[in-house]
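K.L.:
Structure below; questions to follow.
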Amino acid sequence: MFSNIDLDVIWQSLPYLFLDGMRFTLMLTAMATAGGIVLGTLLAMMRLSGLPVLPQIAAGYTNFMRSLPLVLVIFWFYFLIPYVGQWITGASRPISVGAFMSALVTFTLFEAAYFSEIMRAGIQSIPRGQVAAGYALGLTYWQVMGNIVLPQAFRNMLPVLLTQTIILFQDTSLVYVLSITDFLGAASKVAQRDGRLVEMYLFAALVYFVMSYAASRFVKRLQARVAVIR
Amino acid sequence: MNYNWNWGIFWEPSPEGAGTYFDMLLSGLNWTLATAALAWVLALILGSIIGVLRTLPSKPANRFATAYVEFFRNIPILVQLFLWFFVLPELLPQAAGLWLKQLPNAAFWTAAVGIGFYMSARVAEQLRAGINALPRGQSMAARALGLTTAQTYIYVLLPMAYRIILPPLTSEFLNTIKNTAVALTIGLLELTGRARSMQEFSFQVFEAFTAATILYLLVNAVVVVVMRFIERRVAVPGYITGK
């Protein structure tokens, strides 16, 4: 069963797997996390704003995104973005965006829904008295948020945000359905070219496991360190 | 937007010969639900065993359960499906591998088993949290009454733990349904896959995906309503969610 395992194929394709594939995966993860947290925080602020309409829009968006499979959302945006681009730029025909842009927009918008739920919990974990005290000192809404609430909310939610980032890192493998060369896509291309499915998929699983496991250990240690003693 | 909308497309015959595009999507929904149901049963059974193992006062049991959870949590679901579908038959003895490959509906069984195992790690974590949320006095009291460990779990800890984790279990079930979409990569003709083939046959991208989106939202709504009903039925009066 293991007699005809060929490790050489992995060795030979290492540069391609990591310099092409893993670079795409990590860039997508990092940029989608940054965008997702910014957008997610804005959604959470909308949701908790108490203004008319805004909370409903934010809640509707979050629940809608969270009800759909990521694969379906990836397809949606892959076909939708060219038309939206045409509408925005006023071009005469649907504009083509690259694979990376398409994936980045998709993951940012999709993960924002999940990040917004985390940030909502984070904002709600701050005692109301602090907000009231901020207003009593004459601070504006943005000053209260930017100087008092959000820094603490981020700190409280940092472990959860990072855990969500690990999930996002694993989720990026789904761009496979668009035949994009992320880490799994690269592994799968080599696997099919050389007929070495067993080696390549086992190796891909190992790499994902080691990276996710190491990251989750790191988050656990961080959690103990950033916990605010009250 | 210069896109040719054609909402009548659903009632046109699909090129597969059997029925309309709408029938095609419905058959996809069928596979989605069947896969999710089987995967969920598997996830509940395995997840319960592993979750209990993680709370037992036995070091080896703990270690095994922890390794199990870490293994299934740290590999993307898509890679896991590939391992089940492409790698496992090659690593088995030849006869068994051949039998696996020639199984009718291989994609369905693989997807159900793969997603079942993947979700079982999540169910186990929820159950562990549920058991740990109970006051320590409960298991001690059970002990003092002379119950064995098995009896303590069956009569005292689990009935309460399952009630506590019912809301998170609902979202894990919804995740199971959503995760079945990944199985289109191994050729399962589930809802997203069918919407994708409808788009390829008819070029009506947005109609196909809109229909799939609405069907997913409907399934979600039904699950949430049913689970709220169950939550109310099993609530213990005066405790947690009980009135």
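Chain labels follow the order of the structure tokens: the first chain is A, the next B, and so on; residue numbering restarts at 1 in every chain, and ligands are counted from 1 in their shown order.
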Which neighbours of Gln124 in chain A fall inside 12 Å, counting only C-alpha atoms, when residues of the same chain fewer than 2 positions from it are skipped, and could you give them as number ranges by chain?
P.N.:
A: 44-45, 47-49, 116-122, 126-131, 149-150, 152-154, 156-157
K.L.:
Near Gly130 in chain B, within 8 Å and counting only C-alpha atoms, which residues show up once chain neighbours fewer than 3 positions away are dropped, as number ranges by chain?
P.N.:
B: 126-127, 133-134, 161-162, 164-165
K.L.:
Using C-alpha atoms, can you export the residues from the last selection as an mmCIF file, in the first residue's frame?
P.N.:
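Saved as out_30.cif:
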```
data_model
loop_
_atom_site.group_PDB
_atom_site.id
_atom_site.type_symbol
_atom_site.label_atom_id
_atom_site.label_comp_id
_atom_site.auth_asym_id
_atom_site.auth_seq_id
_atom_site.Cartn_x
_atom_site.Cartn_y
_atom_site.Cartn_z
ATOM 1 C CA GLN B 126 -19.864 21.645 22.064
ATOM 2 C CA LEU B 127 -20.771 18.616 24.168
ATOM 3 C CA ALA B 133 -20.939 23.919 32.201
ATOM 4 C CA LEU B 134 -22.763 21.719 34.702
ATOM 5 C CA ALA B 161 -25.724 18.848 28.720
ATOM 6 C CA TYR B 162 -27.663 18.162 25.511
ATOM 7 C CA ILE B 164 -27.718 23.315 27.244
ATOM 8 C CA ILE B 165 -26.020 22.895 23.877
#
```
K.L.:
Chain B near chain A within 10 Å: what's each residue's closest atom pair and its distance in Å to one decimal, counting only C-alpha atoms, ordered by chain then ascending residue number, as JSON lines?
P.N.:
```
{"residue": "B:Met1", "atom": "CA", "partner": "A:Trp87", "partner_atom": "CA", "distance": 6.4}
{"residue": "B:Asn2", "atom": "CA", "partner": "A:Arg93", "partner_atom": "CA", "distance": 7.8}
{"residue": "B:Tyr3", "atom": "CA", "partner": "A:Tyr83", "partner_atom": "CA", "distance": 8.5}
{"residue": "B:Glu70", "atom": "CA", "partner": "A:Tyr213", "partner_atom": "CA", "distance": 7.4}
{"residue": "B:Phe71", "atom": "CA", "partner": "A:Phe209", "partner_atom": "CA", "distance": 7.3}
{"residue": "B:Phe72", "atom": "CA", "partner": "A:Phe209", "partner_atom": "CA", "distance": 9.0}
{"residue": "B:Arg73", "atom": "CA", "partner": "A:Phe209", "partner_atom": "CA", "distance": 8.5}
{"residue": "B:Asn74", "atom": "CA", "partner": "A:Phe209", "partner_atom": "CA", "distance": 4.9}
{"residue": "B:Ile75", "atom": "CA", "partner": "A:Phe209", "partner_atom": "CA", "distance": 5.2}
{"residue": "B:Pro76", "atom": "CA", "partner": "A:Gln170", "partner_atom": "CA", "distance": 4.9}
{"residue": "B:Ile77", "atom": "CA", "partner": "A:Gln170", "partner_atom": "CA", "distance": 8.0}
{"residue": "B:Leu78", "atom": "CA", "partner": "A:Leu174", "partner_atom": "CA", "distance": 6.9}
{"residue": "B:Val79", "atom": "CA", "partner": "A:Ala205", "partner_atom": "CA", "distance": 6.2}
{"residue": "B:Gln80", "atom": "CA", "partner": "A:Ala205", "partner_atom": "CA", "distance": 7.5}
{"residue": "B:Phe82", "atom": "CA", "partner": "A:Tyr201", "partner_atom": "CA", "distance": 7.0}
{"residue": "B:Leu83", "atom": "CA", "partner": "A:Tyr201", "partner_atom": "CA", "distance": 6.6}
{"residue": "B:Phe86", "atom": "CA", "partner": "A:Leu197", "partner_atom": "CA", "distance": 6.8}
{"residue": "B:Val87", "atom": "CA", "partner": "A:Val198", "partner_atom": "CA", "distance": 4.9}
{"residue": "B:Leu88", "atom": "CA", "partner": "A:Val198", "partner_atom": "CA", "distance": 8.3}
{"residue": "B:Pro89", "atom": "CA", "partner": "A:Val198", "partner_atom": "CA", "distance": 9.6}
{"residue": "B:Glu90", "atom": "CA", "partner": "A:Met1", "partner_atom": "CA", "distance": 7.1}
{"residue": "B:Leu91", "atom": "CA", "partner": "A:Met1", "partner_atom": "CA", "distance": 5.2}
{"residue": "B:Leu92", "atom": "CA", "partner": "A:Met1", "partner_atom": "CA", "distance": 6.7}
{"residue": "B:Pro93", "atom": "CA", "partner": "A:Met1", "partner_atom": "CA", "distance": 6.7}
{"residue": "B:Gln94", "atom": "CA", "partner": "A:Met1", "partner_atom": "CA", "distance": 8.1}
{"residue": "B:Ser171", "atom": "CA", "partner": "A:Ser67", "partner_atom": "CA", "distance": 9.9}
{"residue": "B:Leu174", "atom": "CA", "partner": "A:Ser67", "partner_atom": "CA", "distance": 7.8}
{"residue": "B:Asn175", "atom": "CA", "partner": "A:Pro69", "partner_atom": "CA", "distance": 8.2}
{"residue": "B:Thr176", "atom": "CA", "partner": "A:Pro69", "partner_atom": "CA", "distance": 9.8}
{"residue": "B:Ile177", "atom": "CA", "partner": "A:Pro69", "partner_atom": "CA", "distance": 8.2}
{"residue": "B:Lys178", "atom": "CA", "partner": "A:Pro69", "partner_atom": "CA", "distance": 4.5}
{"residue": "B:Asn179", "atom": "CA", "partner": "A:Pro69", "partner_atom": "CA", "distance": 6.6}
{"residue": "B:Thr180", "atom": "CA", "partner": "A:Pro69", "partner_atom": "CA", "distance": 8.3}
{"residue": "B:Ala181", "atom": "CA", "partner": "A:Val71", "partner_atom": "CA", "distance": 6.4}
{"residue": "B:Val182", "atom": "CA", "partner": "A:Val71", "partner_atom": "CA", "distance": 6.5}
{"residue": "B:Ala183", "atom": "CA", "partner": "A:Val71", "partner_atom": "CA", "distance": 9.8}
{"residue": "B:Leu184", "atom": "CA", "partner": "A:Val177", "partner_atom": "CA", "distance": 8.7}
{"residue": "B:Thr185", "atom": "CA", "partner": "A:Val177", "partner_atom": "CA", "distance": 6.9}
{"residue": "B:Leu191", "atom": "CA", "partner": "A:Leu72", "partner_atom": "CA", "distance": 9.3}
{"residue": "B:Thr192", "atom": "CA", "partner": "A:Leu72", "partner_atom": "CA", "distance": 6.0}
{"residue": "B:Gly193", "atom": "CA", "partner": "A:Leu72", "partner_atom": "CA", "distance": 8.8}
{"residue": "B:Ala195", "atom": "CA", "partner": "A:Leu72", "partner_atom": "CA", "distance": 8.9}
{"residue": "B:Arg196", "atom": "CA", "partner": "A:Phe75", "partner_atom": "CA", "distance": 8.1}
{"residue": "B:Val205", "atom": "CA", "partner": "A:Phe79", "partner_atom": "CA", "distance": 7.3}
{"residue": "B:Phe206", "atom": "CA", "partner": "A:Trp76", "partner_atom": "CA", "distance": 7.7}
{"residue": "B:Ala208", "atom": "CA", "partner": "A:Trp76", "partner_atom": "CA", "distance": 9.9}
{"residue": "B:Phe209", "atom": "CA", "partner": "A:Trp76", "partner_atom": "CA", "distance": 6.8}
{"residue": "B:Thr210", "atom": "CA", "partner": "A:Trp76", "partner_atom": "CA", "distance": 8.9}
{"residue": "B:Ala212", "atom": "CA", "partner": "A:Leu72", "partner_atom": "CA", "distance": 8.3}
{"residue": "B:Thr213", "atom": "CA", "partner": "A:Leu68", "partner_atom": "CA", "distance": 6.9}
{"residue": "B:Ile214", "atom": "CA", "partner": "A:Leu68", "partner_atom": "CA", "distance": 9.5}
{"residue": "B:Leu215", "atom": "CA", "partner": "A:Leu68", "partner_atom": "CA", "distance": 9.9}
{"residue": "B:Tyr216", "atom": "CA", "partner": "A:Leu68", "partner_atom": "CA", "distance": 6.5}
{"residue": "B:Leu217", "atom": "CA", "partner": "A:Ser67", "partner_atom": "CA", "distance": 6.3}
{"residue": "B:Leu218", "atom": "CA", "partner": "A:Ser67", "partner_atom": "CA", "distance": 9.6}
{"residue": "B:Val219", "atom": "CA", "partner": "A:Ser67", "partner_atom": "CA", "distance": 9.3}
{"residue": "B:Asn220", "atom": "CA", "partner": "A:Ser67", "partner_atom": "CA", "distance": 6.6}
{"residue": "B:Ala221", "atom": "CA", "partner": "A:Ser67", "partner_atom": "CA", "distance": 9.2}
```
K.L.:
How many Å lie between CA of Thr108 in chain A and CA of Val53 in chain A, rounded to one decimal?
P.N.:
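We find that CA of Thr108 in chain A and CA of Val53 in chain A lie 23.3 Å from each other.
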K.L.:
Could you pull out all residues of range 2-230 of chain A with a DSSP call of alpha helix (DSSP H) and give them as number ranges by chain?
P.N.:
A: 8-15, 23-47, 54-67, 70-89, 99-124, 128-136, 141-143, 150-171, 183-194, 197-226
K.L.:
Out of B:Gly116, B:Pro104, B:Pro60, B:Pro15, which residue has the shortest atom-to-atom distance to Ile45 in chain B when counting only C-alpha atoms?
P.N.:
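Result for the nearest residue to Ile45 in chain B: B:Gly116.
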